[in-house]
Structure formats: structure tokens, C-alpha cells
Amino acid sequence: MQRITILGATGSIGVSTLDVLARHPDQYQVYALSAHSKVEELAEQCARFRPARAVVGSADAAARLTVLLRERDLRTQVEHGEAALCSIAASADTDTVMAAIVGAAGLAPTLAAARAGKKILLANKEALVMSGQLFMDAVHEHGATLLPIDSEHNAIFQSLPQSYARQPGAAGVAKILLTASGGPFLNRAVETLEHVTPDEACKHPNWVMGRKISVDSATMMNKGLEVIEAHWLFGAPAALIEVVIHPQSVIHSMVSYVDGSVIAELGNPDMRTPIANALAFPERIESGVAQLDLTSIGTLQFYKPDFARFPCLALAFESLEAGGTAPALLNAANEVAVQAFLERRIGFRDIDRVIARVMHENPHEAASSIGAVMACDARARAAAGSIVAGLAR
Ligand code: NDP
Ligand code: MG
């Protein structure tokens, strides 16, 4: 029996994870679940999966959850706050941690799982973007296992040799080809992008996801974050990572080798496939995803990305080249700008303007400790907040 903690159980990835787990009750047992504020959803999940512990974001949410659980006669222990998240991630009573909190809020508990040597299924790419080297050092130092959930990185993971040791040269890797759908605005007239609404930006052509990552896909910041994520996961320099637009999202990414071979992972765009892959690795389990029907798809297309249409992608490459806390600056500014856009305080194109200003007006430094990264994150949030306030006026 594998015992599992899901950080962010009520989100899009969390719900898909529970869907896969429910198909294999003999193999997996839920130890703990977390949500931020969706207590009704979490109570339903507790009723169904009977975790020992449940964590929410505030004392108020914890009180409401306690009432809901009592009504259902459930004995799940209710806690709240970051220390409790770290505790369910690092507990001796759990083997595997699904890191599916969105944004920087996921860093501390995911790091706690790494330091406790857990098997980490990493969806929360922002944690790795912010603290890359420090996070990977913690994984190696404490013997944790890191398996990528992000569909592209899971595809790359499946397309690399099993003995791969984060040395692309030694494995004969010539390029990592990171595919991108291009999001909902791939072909929309650039001059109309100023005025797109949050709902238009969240309408992804192929994937159903949380709102933050959906906006990231529309700006292609998601792909930028994924370039940085690939850099840390696979030890690949930026020059080795190429973004390829592939609107059908059938090829989830590829590895191209020095002998001319290209190995790809294909499938229907459904996150339950990478989730099942990482859960069961190195075995395979059923995920509930239908088999790919290539003849009904017919055509697969590929294009070069347009960096002028998607300035966020260029900013992400720039932050990776700059190194240190530059990706943490980029990530924090992006989180603030996306939130402001979702709340209709700034326009869609303001997102990249806010990020560029935060990056260019704030120095980055060595990412010497998690404290330094968090301080940089806080500075970038404050800077982005005042730029947003200026734009919103
Ligand atoms: P959602 O917004 O759907 O879910 C986020 C989860 O995190 C929810 O459980 C939410 O709780 C919780 N949460 C939100 N804010 C906080 C906070 N401040 N502290 C603690 N918990 C919090 O996001 P997704 O599932 O779409 O994405 C999760 C992560 O996975 C992201 O990092 C994303 O980039 C990554 N990812 C997602 C993919 C997808 O298909 N969705 C694909 C690849 C990667 P509540 O529900 O109570 O608000
Ligand atoms: Mg992805």
C-alpha cells in the first residue's frame, strides 16, 4: 500500500489525482489532503477517501471544515496553515506527496517533502522555478525521488533512458523539444490582445486547468516556467531546450538524440496520464484516459514560437540566463500580475509589462538560501503590486 498526501487536493490536479487513486483502492491509501478555502469540496473528499489528516488555509476554514466533518461522522484531524502543510508532507506516515498547490505557496511544503526523503510527484512548477538549485540539492541530499507531473516533463522523463543522470551530453541528448499548444491566442490578431477578458484567456483549446495556469498558457509564461523547470529537472542548459508550437497537444514533448533519433510521448491531453505514470513508476496502471486514436486526429502541426507575440516566453529565457534569484523575481511578478488580470484590475498585455518592469528595476542576486529566495519573492511582489496599482488607476 502506498500512502499518499495530496497538497492542493481540491484543484484541477488534485481532483484528477483522486480520480486515478479511486481506480486502485488496493494499491493506494490517502493519508492527508489539503485545500486553501474550498472546505465543502474538501469535506466531500474526506468522506470519500477517509484521510487521517486534512489541512486548510485559515483558522476560520478549519472551523468550518470541522463542522462539516462532524456532520458526516468523520474522524479526520483538521489543521491549518503552512506548518501543518509541511507536517503532512514530511510525516513518517506518508510515502508519496503530490505537490499540486498553485504558485509560491507550494514551495515550503514541497521542500519539506524533499527534506523528508519522500517520493514527490511535482505539479507545482513554481516551487522549482523559484528555488531550482536549492530544491534539487535538497532532493539529492535527502534521497527524495522527484517525478514530474507536468505533462511535458513527464513526457521528457519517459523519453529519456531510465538510467538518465541529469547529464544530457552523457546520454547523447541533442535537444529537449518542449511542445506548447500556443494557448487560446495563438492565431488571434496581436493588436486585439490588449482587450481580451479573463474568461477568454482561461478558455484553453486542449486542457482544462486551474485559472492561474490557464492565463499562463495564454501568455505562454507557462512554457517559460516549463523551460526553467526542464532546466532543473533534467540538468539541461537553456540552449539545449527548444520550444515547439504544436497546437494539437498530442505529442507532450520529445527528446532528440545525437544519432538523429527523436523519442516522443503521445497521448490524449488528460493529466490523469502523467499522474498515473508517476504514481505507478516504474510500473503502469490504468488512468481512465481513452487510448489515443491517431487516425481520427489525422494531422499534427508544428511551428516556431513567436517571441514578439509572447513576450513572457522571452522574459523567462532571460531570467534563466541571468540565474540566481531572477526566476524567482519573474515568478512572483507573474503571480501578482495574473491575479490582477483575473480580477480585471489590469489588461492582458499589462501582464508582460509588469513582469518586465519588476525584472529590470529590481536586482537579482545569488539564490544562496531559501530565505534569500523568499525575501526576493516578497520584494518582487511588493514591486509588482505598486506597478499594478499605477496601471489600474
Ligand atoms: P488549481 O487552482 O485548480 O488548484 C490549486 C490548489 O491549491 C487548490 O487545492 C487550492 O485550494 C490550493 N491553493 C491555492 N492557493 C493556496 C495557498 N495560498 N495555500 C495553500 N493552498 C493553496 O490549480 P491547478 O490544479 O491547475 O494547478 C496546480 C499546480 O499544478 C500549479 O502549480 C500548476 O502550474 C501545475 N500544473 C497544473 C496542470 C493542470 O492541468 N491543471 C498541468 C501542469 C501543471 P482551494 O481549492 O481551496 O482554493
Ligand atoms: Mg505543462
# chains A, B, ... in the order shown; residues from 1 in each chain; ligands from 1
>>> residues_near_ligand(ligand="ligand 2", cutoff="7 Å", atoms="only C-alpha atoms and all ligand atoms", output="ChimeraX atom specification")
/A:150-152,226
>>> write_last_selection(atoms="C-alpha atoms", output="PDB file, in the first residue's frame")
ATOM      1  CA  ASP A 150       3.714  18.468 -15.786  1.00  0.00           C
ATOM      2  CA  SER A 151       2.744  16.650 -18.989  1.00  0.00           C
ATOM      3  CA  GLU A 152       5.746  17.933 -20.972  1.00  0.00           C
ATOM      4  CA  GLU A 226       8.433  24.941 -18.032  1.00  0.00           C
TER       5      GLU A 226
END
>>> residues_near_ligand(ligand="ligand 1", cutoff="9 Å", atoms="only C-alpha atoms and all ligand atoms", output="PyMOL selection string")
chain A and resi 6-16+33-39+41-42+55-57+81-82+85+99-106+122-127+149-152+207-214+216+222+225+270-271
>>> write_last_selection(atoms="C-alpha atoms", output="PDB file, in the first residue's frame")
ATOM      1  CA  ILE A   6      -2.142  15.471  -1.747  1.00  0.00           C
ATOM      2  CA  LEU A   7      -1.208  19.131  -1.368  1.00  0.00           C
ATOM      3  CA  GLY A   8      -3.882  21.061  -3.279  1.00  0.00           C
ATOM      4  CA  ALA A   9      -6.446  18.237  -3.376  1.00  0.00           C
ATOM      5  CA  THR A  10      -9.345  20.489  -4.415  1.00  0.00           C
ATOM      6  CA  GLY A  11      -7.557  21.857  -7.503  1.00  0.00           C
ATOM      7  CA  SER A  12      -7.603  20.561 -11.041  1.00  0.00           C
ATOM      8  CA  ILE A  13      -4.537  18.309 -10.497  1.00  0.00           C
ATOM      9  CA  GLY A  14      -5.721  17.249  -7.030  1.00  0.00           C
ATOM     10  CA  VAL A  15      -9.107  16.126  -8.353  1.00  0.00           C
ATOM     11  CA  SER A  16      -7.500  14.228 -11.251  1.00  0.00           C
ATOM     12  CA  LEU A  33      -5.456  16.148   1.861  1.00  0.00           C
ATOM     13  CA  SER A  34      -5.123  19.920   1.711  1.00  0.00           C
ATOM     14  CA  ALA A  35      -7.175  22.797   0.318  1.00  0.00           C
ATOM     15  CA  HIS A  36      -6.956  26.535   0.772  1.00  0.00           C
ATOM     16  CA  SER A  37     -10.560  27.708   1.130  1.00  0.00           C
ATOM     17  CA  LYS A  38     -12.833  25.188  -0.646  1.00  0.00           C
ATOM     18  CA  VAL A  39     -13.947  23.430   2.540  1.00  0.00           C
ATOM     19  CA  GLU A  41     -15.149  20.157  -1.636  1.00  0.00           C
ATOM     20  CA  LEU A  42     -12.547  19.022   0.874  1.00  0.00           C
ATOM     21  CA  VAL A  55      -5.235  20.920   6.183  1.00  0.00           C
ATOM     22  CA  VAL A  56      -6.809  24.241   5.125  1.00  0.00           C
ATOM     23  CA  GLY A  57      -5.549  27.800   4.854  1.00  0.00           C
ATOM     24  CA  GLY A  81      -1.519  26.887   7.999  1.00  0.00           C
ATOM     25  CA  GLU A  82       1.900  26.391   6.452  1.00  0.00           C
ATOM     26  CA  LEU A  85       1.113  21.620   5.282  1.00  0.00           C
ATOM     27  CA  ALA A  99       2.692  18.696  -4.853  1.00  0.00           C
ATOM     28  CA  ALA A 100      -0.279  20.390  -6.527  1.00  0.00           C
ATOM     29  CA  ILE A 101      -0.662  23.699  -4.711  1.00  0.00           C
ATOM     30  CA  VAL A 102      -0.561  26.553  -7.213  1.00  0.00           C
ATOM     31  CA  GLY A 103       2.239  29.123  -7.013  1.00  0.00           C
ATOM     32  CA  ALA A 104       4.862  30.068  -4.450  1.00  0.00           C
ATOM     33  CA  ALA A 105       2.593  28.900  -1.597  1.00  0.00           C
ATOM     34  CA  GLY A 106       3.614  25.348  -2.518  1.00  0.00           C
ATOM     35  CA  LEU A 122       5.760  17.521  -8.791  1.00  0.00           C
ATOM     36  CA  ALA A 123       2.990  19.535 -10.431  1.00  0.00           C
ATOM     37  CA  ASN A 124       3.822  22.789  -8.622  1.00  0.00           C
ATOM     38  CA  LYS A 125       6.381  24.043 -11.153  1.00  0.00           C
ATOM     39  CA  GLU A 126       6.575  27.464  -9.467  1.00  0.00           C
ATOM     40  CA  ALA A 127       8.379  25.881  -6.472  1.00  0.00           C
ATOM     41  CA  ILE A 149       3.642  15.566 -13.348  1.00  0.00           C
ATOM     42  CA  ASP A 150       3.714  18.468 -15.786  1.00  0.00           C
ATOM     43  CA  SER A 151       2.744  16.650 -18.989  1.00  0.00           C
ATOM     44  CA  GLU A 152       5.746  17.933 -20.972  1.00  0.00           C
ATOM     45  CA  TRP A 207      -6.613  21.288 -21.497  1.00  0.00           C
ATOM     46  CA  VAL A 208      -8.988  22.024 -18.603  1.00  0.00           C
ATOM     47  CA  MET A 209      -6.869  23.549 -15.811  1.00  0.00           C
ATOM     48  CA  GLY A 210      -6.909  25.984 -12.888  1.00  0.00           C
ATOM     49  CA  ARG A 211      -7.284  29.678 -13.767  1.00  0.00           C
ATOM     50  CA  LYS A 212      -3.730  30.759 -12.967  1.00  0.00           C
ATOM     51  CA  ILE A 213      -2.045  28.181 -15.203  1.00  0.00           C
ATOM     52  CA  SER A 214      -4.681  28.825 -17.884  1.00  0.00           C
ATOM     53  CA  ASP A 216      -0.034  31.419 -18.026  1.00  0.00           C
ATOM     54  CA  ASN A 222       3.577  28.630 -18.653  1.00  0.00           C
ATOM     55  CA  LEU A 225       8.233  28.407 -16.477  1.00  0.00           C
ATOM     56  CA  ASP A 270      -5.592  14.487 -19.930  1.00  0.00           C
ATOM     57  CA  MET A 271      -3.457  14.967 -16.805  1.00  0.00           C
TER      58      MET A 271
END
>>> select_by_dssp(residues="stretch 26-71 of chain A", states="strand (DSSP E)", output="ChimeraX atom specification")
/A:28-34,53-56
>>> write_last_selection(atoms="C-alpha atoms", output="short mmCIF file (atom, residue, chain, number, x, y, z; two decimals), in the first residue's frame")
data_model
loop_
_atom_site.label_atom_id
_atom_site.label_comp_id
_atom_site.auth_asym_id
_atom_site.auth_seq_id
_atom_site.Cartn_x
_atom_site.Cartn_y
_atom_site.Cartn_z
CA TYR A 28 -3.06 3.44 -2.71
CA GLN A 29 -4.32 4.90 0.52
CA VAL A 30 -4.86 8.63 1.10
CA TYR A 31 -3.02 9.82 4.23
CA ALA A 32 -3.73 13.56 4.06
CA LEU A 33 -5.46 16.15 1.86
CA SER A 34 -5.12 19.92 1.71
CA ARG A 53 -5.49 14.49 8.32
CA ALA A 54 -6.86 17.49 6.39
CA VAL A 55 -5.23 20.92 6.18
CA VAL A 56 -6.81 24.24 5.13
#
>>> select_by_dssp(residues="stretch 296-376 of chain A", states="alpha helix (DSSP H)", output="MDAnalysis selection string")
chainID A and resid 296:297 311:322 326:342 350:361 370:376
>>> residues_around(residues="stretch 260-264 of chain A", least_positions_apart="2", cutoff="8 Å", atoms="only C-alpha atoms", output="number ranges by chain")
A: 155-156, 159, 251-258, 266
>>> write_last_selection(atoms="C-alpha atoms", output="PDB file, in the first residue's frame")
ATOM      1  CA  ALA A 155       6.885  13.054 -21.498  1.00  0.00           C
ATOM      2  CA  ILE A 156      10.573  14.015 -21.452  1.00  0.00           C
ATOM      3  CA  SER A 159      11.602   9.693 -23.456  1.00  0.00           C
ATOM      4  CA  ILE A 251       2.854  14.964 -28.566  1.00  0.00           C
ATOM      5  CA  HIS A 252       3.544  16.046 -24.997  1.00  0.00           C
ATOM      6  CA  SER A 253       7.253  16.624 -25.638  1.00  0.00           C
ATOM      7  CA  MET A 254      10.263  14.945 -27.245  1.00  0.00           C
ATOM      8  CA  VAL A 255      13.937  14.196 -26.798  1.00  0.00           C
ATOM      9  CA  SER A 256      16.162  14.418 -29.828  1.00  0.00           C
ATOM     10  CA  TYR A 257      19.419  12.411 -29.746  1.00  0.00           C
ATOM     11  CA  VAL A 258      22.812  12.940 -31.418  1.00  0.00           C
ATOM     12  CA  LEU A 266       1.967  10.903 -27.188  1.00  0.00           C
TER      13      LEU A 266
END
>>> residues_around(residues="stretch 128-140 of chain A", least_positions_apart="3", cutoff="6 Å", atoms="only C-alpha atoms", output="ChimeraX atom specification")
/A:114-115,125,143-144,228-229,232,327-328
>>> write_last_selection(atoms="N, CA and C atoms", output="PDB file, in the first residue's frame")
ATOM      1  N   ALA A 114      10.809  17.053   0.284  1.00  0.00           N
ATOM      2  CA  ALA A 114      12.150  16.713  -0.224  1.00  0.00           C
ATOM      3  C   ALA A 114      13.088  16.417   0.943  1.00  0.00           C
ATOM      4  N   ARG A 115      13.038  17.254   1.953  1.00  0.00           N
ATOM      5  CA  ARG A 115      13.939  17.081   3.103  1.00  0.00           C
ATOM      6  C   ARG A 115      13.612  15.830   3.905  1.00  0.00           C
ATOM      7  N   LYS A 125       5.143  23.641 -10.477  1.00  0.00           N
ATOM      8  CA  LYS A 125       6.381  24.043 -11.153  1.00  0.00           C
ATOM      9  C   LYS A 125       6.972  25.315 -10.560  1.00  0.00           C
ATOM     10  N   GLY A 143      17.842  12.044  -0.417  1.00  0.00           N
ATOM     11  CA  GLY A 143      17.415  10.815  -1.086  1.00  0.00           C
ATOM     12  C   GLY A 143      15.950  10.806  -1.492  1.00  0.00           C
ATOM     13  N   ALA A 144      15.381  11.990  -1.753  1.00  0.00           N
ATOM     14  CA  ALA A 144      13.998  12.042  -2.236  1.00  0.00           C
ATOM     15  C   ALA A 144      13.951  11.598  -3.700  1.00  0.00           C
ATOM     16  N   ILE A 228      12.327  26.592 -17.548  1.00  0.00           N
ATOM     17  CA  ILE A 228      13.144  26.651 -16.325  1.00  0.00           C
ATOM     18  C   ILE A 228      13.006  25.339 -15.542  1.00  0.00           C
ATOM     19  N   GLU A 229      11.779  24.832 -15.500  1.00  0.00           N
ATOM     20  CA  GLU A 229      11.519  23.550 -14.819  1.00  0.00           C
ATOM     21  C   GLU A 229      12.349  22.430 -15.474  1.00  0.00           C
ATOM     22  N   TRP A 232      16.090  22.514 -14.565  1.00  0.00           N
ATOM     23  CA  TRP A 232      16.446  21.945 -13.253  1.00  0.00           C
ATOM     24  C   TRP A 232      16.197  20.452 -13.183  1.00  0.00           C
ATOM     25  N   PRO A 327      14.753  34.048 -11.748  1.00  0.00           N
ATOM     26  CA  PRO A 327      13.493  33.329 -11.983  1.00  0.00           C
ATOM     27  C   PRO A 327      12.472  33.520 -10.851  1.00  0.00           C
ATOM     28  N   ALA A 328      12.947  33.729  -9.617  1.00  0.00           N
ATOM     29  CA  ALA A 328      12.020  33.983  -8.503  1.00  0.00           C
ATOM     30  C   ALA A 328      11.342  35.339  -8.686  1.00  0.00           C
TER      31      ALA A 328
END
>>> atom_distance(atom1="atom CA of A:Ile387", atom2="atom CA of A:Arg349")
13.6 Å
>>> residues_around(residues="A:Arg188", least_positions_apart="5", cutoff="12 Å", atoms="only C-alpha atoms", output="JSON, numbers by chain")
{"A": [182, 183, 193, 194, 195, 196, 200, 201, 218, 309, 310]}
>>> write_last_selection(atoms="N, CA and C atoms", output="mmCIF file, in the first residue's frame")
data_model
loop_
_atom_site.group_PDB
_atom_site.id
_atom_site.type_symbol
_atom_site.label_atom_id
_atom_site.label_comp_id
_atom_site.auth_asym_id
_atom_site.auth_seq_id
_atom_site.Cartn_x
_atom_site.Cartn_y
_atom_site.Cartn_z
ATOM 1 N N GLY A 182 0.362 26.733 -27.615
ATOM 2 C CA GLY A 182 0.229 28.119 -28.061
ATOM 3 C C GLY A 182 -0.960 28.805 -27.413
ATOM 4 N N GLY A 183 -1.787 28.021 -26.703
ATOM 5 C CA GLY A 183 -2.898 28.601 -25.944
ATOM 6 C C GLY A 183 -3.998 29.167 -26.817
ATOM 7 N N LEU A 193 -5.144 41.798 -28.444
ATOM 8 C CA LEU A 193 -4.814 41.131 -27.170
ATOM 9 C C LEU A 193 -4.950 42.051 -25.960
ATOM 10 N N GLU A 194 -4.824 43.376 -26.180
ATOM 11 C CA GLU A 194 -4.987 44.332 -25.077
ATOM 12 C C GLU A 194 -6.320 44.123 -24.378
ATOM 13 N N HIS A 195 -7.338 43.718 -25.120
ATOM 14 C CA HIS A 195 -8.708 43.777 -24.604
ATOM 15 C C HIS A 195 -9.334 42.419 -24.314
ATOM 16 N N VAL A 196 -8.543 41.339 -24.320
ATOM 17 C CA VAL A 196 -9.166 40.037 -24.053
ATOM 18 C C VAL A 196 -9.561 39.943 -22.572
ATOM 19 N N GLU A 200 -11.916 34.640 -21.653
ATOM 20 C CA GLU A 200 -11.322 34.257 -22.951
ATOM 21 C C GLU A 200 -9.935 33.657 -22.745
ATOM 22 N N ALA A 201 -9.166 34.259 -21.828
ATOM 23 C CA ALA A 201 -7.796 33.782 -21.588
ATOM 24 C C ALA A 201 -7.804 32.390 -20.947
ATOM 25 N N ALA A 218 -2.052 31.216 -21.857
ATOM 26 C CA ALA A 218 -2.433 32.235 -22.840
ATOM 27 C C ALA A 218 -1.283 33.220 -23.095
ATOM 28 N N ARG A 309 4.911 38.015 -30.131
ATOM 29 C CA ARG A 309 3.524 37.824 -29.704
ATOM 30 C C ARG A 309 3.468 37.404 -28.230
ATOM 31 N N PHE A 310 4.494 36.662 -27.809
ATOM 32 C CA PHE A 310 4.515 36.110 -26.444
ATOM 33 C C PHE A 310 5.761 36.582 -25.684
#
>>> residues_around(residues="A:Ala43", least_positions_apart="4", cutoff="9 Å", atoms="only C-alpha atoms", output="list in words")
Lys38, Val39, Ala47, Arg48, Ala54, Leu65, Thr66, Leu68, Leu69 and Arg72 of chain A
>>> atom_distance(atom1="atom CA of A:Leu160", atom2="atom CA of A:Val289")
22.9 Å
>>> atom_distance(atom1="atom CA of A:Leu146", atom2="atom CA of A:Thr17")
16.5 Å
>>> residues_around(residues="A:Ala238", least_positions_apart="6", cutoff="9 Å", atoms="only C-alpha atoms", output="tab-separated table (two decimals) with N, CA and C atoms, in the first residue's frame")
chain	number	residue	atom	x	y	z
A	227	VAL	N	10.33	25.80	-19.29
A	227	VAL	CA	11.73	25.76	-19.75
A	227	VAL	C	12.65	25.74	-18.52
A	228	ILE	N	12.33	26.59	-17.55
A	228	ILE	CA	13.14	26.65	-16.33
A	228	ILE	C	13.01	25.34	-15.54
A	230	ALA	N	12.37	22.40	-16.80
A	230	ALA	CA	13.13	21.37	-17.52
A	230	ALA	C	14.63	21.51	-17.25
A	231	HIS	N	15.07	22.75	-17.19
A	231	HIS	CA	16.49	23.01	-16.91
A	231	HIS	C	16.90	22.34	-15.61
A	317	PHE	N	13.17	33.00	-20.59
A	317	PHE	CA	14.52	32.62	-21.04
A	317	PHE	C	15.55	33.60	-20.47
A	320	LEU	N	16.30	32.83	-16.89
A	320	LEU	CA	17.12	31.61	-16.75
A	320	LEU	C	18.58	31.92	-17.05
A	321	GLU	N	18.82	32.72	-18.09
A	321	GLU	CA	20.20	33.12	-18.42
A	321	GLU	C	20.80	33.94	-17.28
>>> closest_residue(among="A:Pro51, A:Pro282, A:Ala314, A:Met98", to="A:Gln77", atoms="only C-alpha atoms")
A:Pro51
>>> closest_residue(among="A:Ser181, A:Glu141, A:Ser287, A:Gly235", to="A:Val250", atoms="only C-alpha atoms")
A:Ser181
